[in-house]
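Okay, so here's the structure we're looking at.
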Amino acid sequence: AAGQEREITFRLGLAGRRGTDDASKLVQRFRGSAAARGALEAVYQYWNHTLGAVQVETPDPSLNVLANGWLVYQTLACRLWARSGYYQSSGAFGFRDQLQDTMALVHTEPQRLRAQLFLCASRQFLEGDVQHWWHPPSGRGVRTHCSDDYLWLPLAMCSYVLTTGDTGVLNESVHFLEGRPVNAEDDSYYDLPGRSGEAASLYQHCVRAILRGLRFGEHGLPLMGTGDWNDGMNLVGHHGKGESVWLGFFLSEVLTQFTAVARLQDDSSFAERCKAAAVLLRQNIEQHGWDGAWYRRAYFDDGTPLGSAANTECQIDSISQSWAVLSGAGDAQRARLAMEAVDQRLVRRDHALLQLLDPPFDKSQLNPGYIKGYVPGVRENGGQYTHAAIWAAMAFARLGDSRRAWELLAMINPVNHGKTPEGVATYKVEPYVVAADVYALTPHTGRGGWTWYTGSAGWMYRLIVESLLGLRLEVDKLYFAPCLPADWKAFKMHYRYRETLYHITVQQTPVGSGETSVTVDGVEQHNKAIPLVNDHQEHSVEVRVPVAEG
């Protein structure tokens with residue numbers, strides 16, 4: 001009746017096997033409003049603690065709202081737990097996908113990255129390749145000729161070990177899978193593999209992955225297989241001869257990072273092998289990957305270049321240029337030229353988006369694979385693939401080009417697409433989570449797609465916290481090397497190390513005012529690092545950095 005109130009509690013539960021009294025116990029346990037409030041309060045406490053590990057206060061409110069909650073929430077709730085979204089109801093684990101997601105959680109929940117390393121190692125075959133994706137709990141999934149999947153395991157492992165100092169993870173034993181190899185003429189097959197009786201340490205799993213990756217074509221570049229990072233380019237190297245320039249940069253980064261970990265394991269012979277392979281790979285990239293104004297994307301099985309000015313479609317692809325910088329493997333002068341080409345040919349300031357490649361595939365004789373089945377300007381086929389757009393922003397930050405790095409972040413930031421009625425009408429999707437795609441051609445220019453279920457969320461978090469705000473964790477020390485807008489005076493970060501809070505103010509000082517300085521509780525730190533001690537206290541930190549000249 002008018003003025004009356006009622007509180008109604010809905011309960012959804014999941015019990016164990018049929019025939020048990022699990023369901024009855026759950027029903028009794030959560031009967032009544034007090035139990036419901038207690039359960040909800042536990043949810044609040046979990047998220048407050050998890051999202052509170054790193055909190056920032058910057059002059060950009062749209063950045064704050066993403067970095068302080070939504071990006072980590074999207075990564076955890078959608079990518080790791082649900083593994084499903086409105087555009088794809090999957091439930092599968094992607095080998096490379098969730099490794100990248102958990103790499104973004106190294107400050108927030110590093111134990112999840114640790115667990116993901118073991119989970120993924122258990123989906124590796126004896127031959128060193130892995131399941132491209134699989135469904136729990138059975139483990140039935142797809143085995144492919146994809147060439148980058150298995151390399152994310154050593155890269156993520158290096159990230160975890162070098163950041164946390166947990167070298168014990170390297171010696172943990174994990175079983176392999178066994179199953180028939182994919183036939184040379186096939187793209188993939190779907191099956192339930194068996195658990196091998198053979199096991200090896202996580203370190204050896206990573207070694208086996210790297211050895212699998214050291215397969216090269218006639219230009220000395222890594223074989224592309226049926227897709228590298230871009231699954232849609234599944235026909236570029238499906239006959240076993242096509243090569244990937246991007247994969248060359250990526251493999252170089254894996255080899256460089258793994259060299260350091262191999263030395264931690266006193267495996268000097270493999271460390272030297274990685275180092276030598278990286279040097280040779282860089283030489284081959286410069287000799288065969290450079291197109292004159294940017295780096296090529298790949299070579300088809302017949303030797304035809306892709307991502308070249310000589311092509312009528314896909315003359316330039318952003319990820320080869322970004323990873324020339326991010327890996328440090330590209331010639332310094334060429335890498336800068338390549339990023340200039342990205343800025344001039346792929347950044348669409350009129351529509352606030354950054355294309356993956358241009359021109360899109362449409363009518364030419366090039367047949368790179370199912371990417372050509374997408375409408376031009378949609379998804380990987382010349383739209384903004386946000387994953388790659390973030391890599392471009394990270395590359396500009398690595399170059400010290402703060403103006404363009406922050407400009408790209410502003411373009412990618414979904415909050416900015418929802419600030420006006422016109423923007424909302426164009427973008428059409430949620431402005432608080434990252435969209436995998438933004439379409440680049442009429443009549444859909446500027447429209448977002450594939451929200452929630454995208455690895456772009458984790459990468460955007462890393463772009464903000466690591467590339468732009470400059471945070472770097474090395475075991476029990478924090479370092480700051482930010483790339484900030486010139487007009488920012490300062491920002492604050494509240495960083496939780498276990499159960500200890502560090503309140504950090506990062507101030508910009510004028511050019512020529514000296515080097516970076518760090519004080520903790522009033523005491524200057526001559527090594528420019530913030531020592532992390534879990535003393536359950538609160539600490540005040542001041543970091544002074546000179547304005548970046550870029």
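Residues in the structure tokens are numbered from 1 in each chain, the chains being A, B, ... in the order shown, and ligands are numbered from 1 in the order shown.
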List every residue of region 6-47 of chain A that DSSP, applied to the backbone of this structure, places in alpha helix (DSSP H), and write the result as a ChimeraX atom specification. /A:22-29,33-47
Just to be explicit: take each residue in the selection above, keep N, CA and C atoms, and write the result as a PDB file, in the first residue's frame.
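Saved file result18.pdb follows:
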ATOM      1  N   ASP A  22      24.321 -30.345  -0.229  1.00  0.00           N
ATOM      2  CA  ASP A  22      24.983 -29.054  -0.357  1.00  0.00           C
ATOM      3  C   ASP A  22      23.984 -27.927  -0.581  1.00  0.00           C
ATOM      4  N   ALA A  23      23.014 -28.182  -1.448  1.00  0.00           N
ATOM      5  CA  ALA A  23      22.046 -27.134  -1.772  1.00  0.00           C
ATOM      6  C   ALA A  23      21.245 -26.733  -0.536  1.00  0.00           C
ATOM      7  N   SER A  24      20.811 -27.719   0.215  1.00  0.00           N
ATOM      8  CA  SER A  24      20.028 -27.418   1.419  1.00  0.00           C
ATOM      9  C   SER A  24      20.837 -26.611   2.427  1.00  0.00           C
ATOM     10  N   LYS A  25      22.107 -26.971   2.569  1.00  0.00           N
ATOM     11  CA  LYS A  25      22.963 -26.230   3.501  1.00  0.00           C
ATOM     12  C   LYS A  25      23.138 -24.783   3.054  1.00  0.00           C
ATOM     13  N   LEU A  26      23.302 -24.605   1.738  1.00  0.00           N
ATOM     14  CA  LEU A  26      23.466 -23.242   1.229  1.00  0.00           C
ATOM     15  C   LEU A  26      22.203 -22.416   1.462  1.00  0.00           C
ATOM     16  N   VAL A  27      21.064 -23.041   1.189  1.00  0.00           N
ATOM     17  CA  VAL A  27      19.795 -22.328   1.378  1.00  0.00           C
ATOM     18  C   VAL A  27      19.650 -21.883   2.833  1.00  0.00           C
ATOM     19  N   GLN A  28      19.968 -22.780   3.761  1.00  0.00           N
ATOM     20  CA  GLN A  28      19.841 -22.441   5.181  1.00  0.00           C
ATOM     21  C   GLN A  28      20.858 -21.372   5.592  1.00  0.00           C
ATOM     22  N   ARG A  29      22.061 -21.501   5.060  1.00  0.00           N
ATOM     23  CA  ARG A  29      23.122 -20.575   5.442  1.00  0.00           C
ATOM     24  C   ARG A  29      22.799 -19.135   5.035  1.00  0.00           C
ATOM     25  N   SER A  33      17.586 -11.683   5.737  1.00  0.00           N
ATOM     26  CA  SER A  33      18.217 -10.469   5.225  1.00  0.00           C
ATOM     27  C   SER A  33      19.589 -10.232   5.835  1.00  0.00           C
ATOM     28  N   ALA A  34      19.831 -10.658   7.071  1.00  0.00           N
ATOM     29  CA  ALA A  34      21.127 -10.428   7.707  1.00  0.00           C
ATOM     30  C   ALA A  34      22.231 -11.180   6.959  1.00  0.00           C
ATOM     31  N   ALA A  35      21.928 -12.427   6.571  1.00  0.00           N
ATOM     32  CA  ALA A  35      22.920 -13.213   5.831  1.00  0.00           C
ATOM     33  C   ALA A  35      23.204 -12.579   4.475  1.00  0.00           C
ATOM     34  N   ALA A  36      22.141 -12.056   3.837  1.00  0.00           N
ATOM     35  CA  ALA A  36      22.325 -11.417   2.534  1.00  0.00           C
ATOM     36  C   ALA A  36      23.196 -10.164   2.655  1.00  0.00           C
ATOM     37  N   ARG A  37      22.910  -9.359   3.697  1.00  0.00           N
ATOM     38  CA  ARG A  37      23.717  -8.152   3.901  1.00  0.00           C
ATOM     39  C   ARG A  37      25.180  -8.509   4.182  1.00  0.00           C
ATOM     40  N   GLY A  38      25.386  -9.580   4.953  1.00  0.00           N
ATOM     41  CA  GLY A  38      26.750 -10.003   5.255  1.00  0.00           C
ATOM     42  C   GLY A  38      27.499 -10.438   4.003  1.00  0.00           C
ATOM     43  N   ALA A  39      26.793 -11.181   3.126  1.00  0.00           N
ATOM     44  CA  ALA A  39      27.421 -11.625   1.876  1.00  0.00           C
ATOM     45  C   ALA A  39      27.763 -10.429   1.002  1.00  0.00           C
ATOM     46  N   LEU A  40      26.843  -9.463   0.934  1.00  0.00           N
ATOM     47  CA  LEU A  40      27.077  -8.280   0.113  1.00  0.00           C
ATOM     48  C   LEU A  40      28.211  -7.434   0.678  1.00  0.00           C
ATOM     49  N   GLU A  41      28.286  -7.353   1.992  1.00  0.00           N
ATOM     50  CA  GLU A  41      29.356  -6.594   2.630  1.00  0.00           C
ATOM     51  C   GLU A  41      30.724  -7.230   2.333  1.00  0.00           C
ATOM     52  N   ALA A  42      30.761  -8.571   2.281  1.00  0.00           N
ATOM     53  CA  ALA A  42      32.011  -9.260   1.951  1.00  0.00           C
ATOM     54  C   ALA A  42      32.447  -8.924   0.525  1.00  0.00           C
ATOM     55  N   VAL A  43      31.467  -8.799  -0.370  1.00  0.00           N
ATOM     56  CA  VAL A  43      31.776  -8.403  -1.755  1.00  0.00           C
ATOM     57  C   VAL A  43      32.372  -7.003  -1.776  1.00  0.00           C
ATOM     58  N   TYR A  44      31.739  -6.079  -1.064  1.00  0.00           N
ATOM     59  CA  TYR A  44      32.255  -4.705  -0.989  1.00  0.00           C
ATOM     60  C   TYR A  44      33.691  -4.688  -0.461  1.00  0.00           C
ATOM     61  N   GLN A  45      33.915  -5.436   0.601  1.00  0.00           N
ATOM     62  CA  GLN A  45      35.246  -5.444   1.213  1.00  0.00           C
ATOM     63  C   GLN A  45      36.292  -5.992   0.255  1.00  0.00           C
ATOM     64  N   TYR A  46      35.931  -7.050  -0.490  1.00  0.00           N
ATOM     65  CA  TYR A  46      36.875  -7.617  -1.456  1.00  0.00           C
ATOM     66  C   TYR A  46      37.260  -6.573  -2.497  1.00  0.00           C
ATOM     67  N   TRP A  47      36.254  -5.912  -3.085  1.00  0.00           N
ATOM     68  CA  TRP A  47      36.558  -4.968  -4.160  1.00  0.00           C
ATOM     69  C   TRP A  47      37.274  -3.724  -3.629  1.00  0.00           C
TER      70      TRP A  47
END
From a DSSP calculation on the backbone, collect every residue of region 353-449 of chain A in strand (DSSP E or B) and output the set as a list in words.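 For region 353-449 of chain A, the strand (DSSP E or B) set is Leu353, Leu354, Leu357, Asp358, Val378, Asn381, Gln384, Tyr385, Ala435, Ala436, Asp437, Val438, Gly448 and Gly449 of chain A.
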Could you name the residues that touch Ala425 (chain A) at 12 Å or less, counting only C-alpha atoms, but leaving out those on the same chain fewer than 3 positions away, as a PyMOL selection string? chain A and resi 417-422+428-431+444-448
Could you please take those selected residues and save all heavy atoms as an mmCIF file, in the first residue's frame?
data_model
loop_
_atom_site.group_PDB
_atom_site.id
_atom_site.type_symbol
_atom_site.label_atom_id
_atom_site.label_comp_id
_atom_site.auth_asym_id
_atom_site.auth_seq_id
_atom_site.Cartn_x
_atom_site.Cartn_y
_atom_site.Cartn_z
ATOM 1 N N HIS A 417 34.424 9.471 -24.823
ATOM 2 C CA HIS A 417 33.436 9.263 -25.891
ATOM 3 C C HIS A 417 32.005 9.475 -25.402
ATOM 4 O O HIS A 417 31.079 9.506 -26.206
ATOM 5 C CB HIS A 417 33.576 7.850 -26.474
ATOM 6 C CG HIS A 417 34.825 7.648 -27.280
ATOM 7 N ND1 HIS A 417 34.913 7.967 -28.614
ATOM 8 C CD2 HIS A 417 36.053 7.169 -26.928
ATOM 9 C CE1 HIS A 417 36.127 7.681 -29.058
ATOM 10 N NE2 HIS A 417 36.842 7.204 -28.048
ATOM 11 N N GLY A 418 31.852 9.588 -24.089
ATOM 12 C CA GLY A 418 30.501 9.743 -23.539
ATOM 13 C C GLY A 418 30.262 11.084 -22.883
ATOM 14 O O GLY A 418 29.340 11.233 -22.086
ATOM 15 N N LYS A 419 31.080 12.086 -23.212
ATOM 16 C CA LYS A 419 30.968 13.379 -22.532
ATOM 17 C C LYS A 419 29.916 14.294 -23.121
ATOM 18 O O LYS A 419 29.506 15.262 -22.473
ATOM 19 C CB LYS A 419 32.339 14.081 -22.549
ATOM 20 C CG LYS A 419 33.329 13.484 -21.559
ATOM 21 C CD LYS A 419 34.612 14.294 -21.485
ATOM 22 C CE LYS A 419 35.503 13.806 -20.350
ATOM 23 N NZ LYS A 419 36.763 14.585 -20.272
ATOM 24 N N THR A 420 29.487 14.039 -24.346
ATOM 25 C CA THR A 420 28.481 14.884 -24.985
ATOM 26 C C THR A 420 27.390 14.009 -25.579
ATOM 27 O O THR A 420 27.622 12.836 -25.897
ATOM 28 C CB THR A 420 29.099 15.725 -26.118
ATOM 29 O OG1 THR A 420 29.540 14.843 -27.173
ATOM 30 C CG2 THR A 420 30.279 16.548 -25.614
ATOM 31 N N PRO A 421 26.192 14.563 -25.760
ATOM 32 C CA PRO A 421 25.125 13.786 -26.425
ATOM 33 C C PRO A 421 25.551 13.312 -27.812
ATOM 34 O O PRO A 421 25.224 12.189 -28.215
ATOM 35 C CB PRO A 421 23.972 14.776 -26.500
ATOM 36 C CG PRO A 421 24.212 15.729 -25.377
ATOM 37 C CD PRO A 421 25.698 15.864 -25.272
ATOM 38 N N GLU A 422 26.304 14.137 -28.530
ATOM 39 C CA GLU A 422 26.747 13.752 -29.869
ATOM 40 C C GLU A 422 27.737 12.593 -29.799
ATOM 41 O O GLU A 422 27.682 11.661 -30.608
ATOM 42 C CB GLU A 422 27.407 14.957 -30.566
ATOM 43 C CG GLU A 422 26.493 16.124 -30.851
ATOM 44 C CD GLU A 422 26.210 16.987 -29.620
ATOM 45 O OE1 GLU A 422 26.973 16.864 -28.617
ATOM 46 O OE2 GLU A 422 25.231 17.752 -29.652
ATOM 47 N N LYS A 428 27.925 4.835 -28.983
ATOM 48 C CA LYS A 428 26.823 3.872 -28.811
ATOM 49 C C LYS A 428 27.077 2.744 -27.809
ATOM 50 O O LYS A 428 26.228 1.875 -27.645
ATOM 51 C CB LYS A 428 26.428 3.238 -30.159
ATOM 52 C CG LYS A 428 25.862 4.212 -31.175
ATOM 53 C CD LYS A 428 25.410 3.477 -32.431
ATOM 54 C CE LYS A 428 24.952 4.456 -33.515
ATOM 55 N NZ LYS A 428 23.727 5.161 -33.151
ATOM 56 N N VAL A 429 28.237 2.703 -27.148
ATOM 57 C CA VAL A 429 28.493 1.612 -26.192
ATOM 58 C C VAL A 429 28.904 2.193 -24.842
ATOM 59 O O VAL A 429 29.059 3.405 -24.693
ATOM 60 C CB VAL A 429 29.580 0.641 -26.714
ATOM 61 C CG1 VAL A 429 29.095 -0.103 -27.942
ATOM 62 C CG2 VAL A 429 30.876 1.378 -27.014
ATOM 63 N N GLU A 430 29.090 1.321 -23.852
ATOM 64 C CA GLU A 430 29.352 1.757 -22.487
ATOM 65 C C GLU A 430 30.604 2.641 -22.425
ATOM 66 O O GLU A 430 31.646 2.256 -22.951
ATOM 67 C CB GLU A 430 29.560 0.551 -21.562
ATOM 68 C CG GLU A 430 28.429 -0.450 -21.547
ATOM 69 C CD GLU A 430 28.655 -1.612 -22.505
ATOM 70 O OE1 GLU A 430 29.260 -1.394 -23.584
ATOM 71 O OE2 GLU A 430 28.236 -2.732 -22.181
ATOM 72 N N PRO A 431 30.498 3.792 -21.759
ATOM 73 C CA PRO A 431 31.662 4.686 -21.665
ATOM 74 C C PRO A 431 32.552 4.423 -20.460
ATOM 75 O O PRO A 431 33.473 5.200 -20.214
ATOM 76 C CB PRO A 431 31.000 6.060 -21.557
ATOM 77 C CG PRO A 431 29.744 5.790 -20.789
ATOM 78 C CD PRO A 431 29.272 4.426 -21.234
ATOM 79 N N HIS A 444 29.698 3.913 -40.081
ATOM 80 C CA HIS A 444 29.836 3.537 -38.670
ATOM 81 C C HIS A 444 31.036 4.207 -37.997
ATOM 82 O O HIS A 444 31.439 3.785 -36.913
ATOM 83 C CB HIS A 444 29.970 2.019 -38.546
ATOM 84 C CG HIS A 444 28.884 1.251 -39.215
ATOM 85 N ND1 HIS A 444 27.564 1.328 -38.825
ATOM 86 C CD2 HIS A 444 28.914 0.402 -40.284
ATOM 87 C CE1 HIS A 444 26.829 0.545 -39.603
ATOM 88 N NE2 HIS A 444 27.630 -0.023 -40.490
ATOM 89 N N THR A 445 31.611 5.225 -38.599
ATOM 90 C CA THR A 445 32.830 5.837 -38.057
ATOM 91 C C THR A 445 32.627 6.303 -36.619
ATOM 92 O O THR A 445 31.671 7.011 -36.313
ATOM 93 C CB THR A 445 33.240 7.044 -38.920
ATOM 94 O OG1 THR A 445 33.352 6.621 -40.283
ATOM 95 C CG2 THR A 445 34.585 7.596 -38.461
ATOM 96 N N GLY A 446 33.539 5.855 -35.742
ATOM 97 C CA GLY A 446 33.487 6.269 -34.340
ATOM 98 C C GLY A 446 32.631 5.392 -33.465
ATOM 99 O O GLY A 446 32.560 5.613 -32.247
ATOM 100 N N ARG A 447 31.998 4.387 -34.029
ATOM 101 C CA ARG A 447 31.144 3.502 -33.223
ATOM 102 C C ARG A 447 31.995 2.434 -32.536
ATOM 103 O O ARG A 447 32.858 1.807 -33.141
ATOM 104 C CB ARG A 447 30.096 2.830 -34.115
ATOM 105 C CG ARG A 447 29.192 1.876 -33.336
ATOM 106 C CD ARG A 447 28.013 1.404 -34.160
ATOM 107 N NE ARG A 447 27.145 0.538 -33.381
ATOM 108 C CZ ARG A 447 25.947 0.135 -33.770
ATOM 109 N NH1 ARG A 447 25.459 0.538 -34.934
ATOM 110 N NH2 ARG A 447 25.212 -0.652 -33.010
ATOM 111 N N GLY A 448 31.747 2.225 -31.263
ATOM 112 C CA GLY A 448 32.472 1.218 -30.508
ATOM 113 C C GLY A 448 31.862 -0.153 -30.680
ATOM 114 O O GLY A 448 30.680 -0.299 -31.016
#
So which one's closest to Tyr150 (chain A), A:Tyr190, A:Phe125, A:Trp70, A:Trp294? Using only C-alpha atoms, please.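 Closest to Tyr150 (chain A), using only C-alpha atoms: A:Phe125.
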Distance query Val547 (chain A) at most 6 Å, only C-alpha atoms, self and fewer than 2 positions along chain excluded, as an mmCIF file with N, CA and C atoms, in the first residue's frame:
data_model
loop_
_atom_site.group_PDB
_atom_site.id
_atom_site.type_symbol
_atom_site.label_atom_id
_atom_site.label_comp_id
_atom_site.auth_asym_id
_atom_site.auth_seq_id
_atom_site.Cartn_x
_atom_site.Cartn_y
_atom_site.Cartn_z
ATOM 1 N N GLN A 508 56.452 17.668 -10.831
ATOM 2 C CA GLN A 508 57.316 18.017 -11.956
ATOM 3 C C GLN A 508 58.074 19.306 -11.647
ATOM 4 N N THR A 509 59.353 19.297 -11.930
ATOM 5 C CA THR A 509 60.178 20.487 -11.733
ATOM 6 C C THR A 509 60.615 21.007 -13.100
ATOM 7 N N PRO A 510 60.972 22.264 -13.211
ATOM 8 C CA PRO A 510 61.331 22.838 -14.513
ATOM 9 C C PRO A 510 62.530 22.125 -15.137
ATOM 10 N N VAL A 511 62.575 22.168 -16.461
ATOM 11 C CA VAL A 511 63.719 21.606 -17.183
ATOM 12 C C VAL A 511 65.006 22.258 -16.677
#
Quick one: residues within 12 Å of Val56 (chain A), only C-alpha atoms counted, chain neighbours fewer than 6 positions away excluded, as JSON, numbers by chain? {"A": [62, 63, 64, 65, 66, 67, 68, 69, 461, 464, 465, 469, 471, 490, 491, 492, 493, 494, 495, 496, 502, 503, 504, 505, 506]}
Using only C-alpha atoms: which of A:His536, A:Arg273, A:Arg31, A:His288 has the shortest distance to Gly303 (chain A): A:His288
Shortest contact to Val72 (chain A), candidates A:Gly514, A:Gly289, A:Gly455, A:Gly94, atoms counted only C-alpha atoms, goes to A:Gly455
Nearest-residue call for Ala262 (chain A), choices A:Thr167, A:Gln384, A:Asn413, A:Gln88, using only C-alpha atoms: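 For Ala262 (chain A), the nearest of the given residues is A:Thr167.
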Find the residues around Ser517 (chain A) up to 7 Å (only C-alpha atoms counted), leave out those fewer than 6 positions away in its own chain, and share them as a list in words.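 The residues that qualify are Lys528, Val543, Arg544 and Val545 of chain A.
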Restricting the calculation to only C-alpha atoms: of A:Arg195, A:Arg140, A:Arg212, A:His205, which residue gets closest to Val169 (chain A)?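 For Val169 (chain A), the nearest of the given residues is A:His205.
Distances from A:Ala329, A:Met103, A:Val130, A:Leu151 to Glu178 (chain A) were compared using only C-alpha atoms, and the smallest one belongs to A:Val130.
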For CA of Phe361 (chain A) and CA of Val236 (chain A), determine how far apart the two atoms are, in Å to one decimal place. 13.3 Å
Can you pull out the residues contacting Pro193 (chain A)? Cut-off 10 Å, using only C-alpha atoms, and skip same-chain residues under 6 positions away; I want them as a list in words.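 These residues fall inside the cut-off: Arg123, Phe125, Gln131, Ser138, Gly139, Arg140, Gly141, Val142, Arg143, Leu177, Glu178, Gly179 and Arg180 of chain A.
The space separating CA of Ile390 (chain A) from CA of Leu463 (chain A) comes to 6.9 Å.
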Hey, can you check how far CA of Asn416 (chain A) sits from CA of Val433 (chain A)?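 CA of Val433 (chain A) lies at a distance of 11.4 Å from CA of Asn416 (chain A).
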Residues of region 257-321 of chain A that have any atom at most 10 Å from an atom of region 378-382 of chain A: could you tabulate them with the shortest-distance atom pair and the distance in Å to one decimal, using only C-alpha atoms, ordered by chain and increasing number, as a Markdown table?
| residue | atom | partner | partner_atom | distance |
| --- | --- | --- | --- | --- |
| A:Glu313 | CA | A:Gly382 | CA | 9.8 |
| A:Cys314 | CA | A:Gly382 | CA | 8.1 |
| A:Asp317 | CA | A:Gly382 | CA | 9.0 |
Store the residues picked out above, limited to all heavy atoms, as a PDB file, in the first residue's frame.
ATOM      1  N   GLU A 313      46.763  -2.518 -50.424  1.00  0.00           N
ATOM      2  CA  GLU A 313      46.012  -2.599 -49.168  1.00  0.00           C
ATOM      3  C   GLU A 313      46.971  -3.000 -48.058  1.00  0.00           C
ATOM      4  O   GLU A 313      47.953  -3.701 -48.302  1.00  0.00           O
ATOM      5  CB  GLU A 313      44.872  -3.611 -49.281  1.00  0.00           C
ATOM      6  CG  GLU A 313      43.821  -3.205 -50.321  1.00  0.00           C
ATOM      7  CD  GLU A 313      42.802  -4.286 -50.609  1.00  0.00           C
ATOM      8  OE1 GLU A 313      42.930  -5.411 -50.088  1.00  0.00           O
ATOM      9  OE2 GLU A 313      41.863  -3.992 -51.378  1.00  0.00           O
ATOM     10  N   CYS A 314      46.690  -2.548 -46.845  1.00  0.00           N
ATOM     11  CA  CYS A 314      47.573  -2.801 -45.696  1.00  0.00           C
ATOM     12  C   CYS A 314      49.003  -2.388 -46.016  1.00  0.00           C
ATOM     13  O   CYS A 314      49.940  -3.177 -45.928  1.00  0.00           O
ATOM     14  CB  CYS A 314      47.513  -4.263 -45.253  1.00  0.00           C
ATOM     15  SG  CYS A 314      48.387  -4.586 -43.685  1.00  0.00           S
ATOM     16  N   ASP A 317      51.004  -1.304 -40.936  1.00  0.00           N
ATOM     17  CA  ASP A 317      50.332  -1.929 -39.791  1.00  0.00           C
ATOM     18  C   ASP A 317      51.002  -1.386 -38.530  1.00  0.00           C
ATOM     19  O   ASP A 317      52.225  -1.378 -38.428  1.00  0.00           O
ATOM     20  CB  ASP A 317      50.477  -3.450 -39.880  1.00  0.00           C
ATOM     21  CG  ASP A 317      49.645  -4.189 -38.842  1.00  0.00           C
ATOM     22  OD1 ASP A 317      49.817  -3.910 -37.634  1.00  0.00           O
ATOM     23  OD2 ASP A 317      48.844  -5.065 -39.219  1.00  0.00           O
TER      24      ASP A 317
END
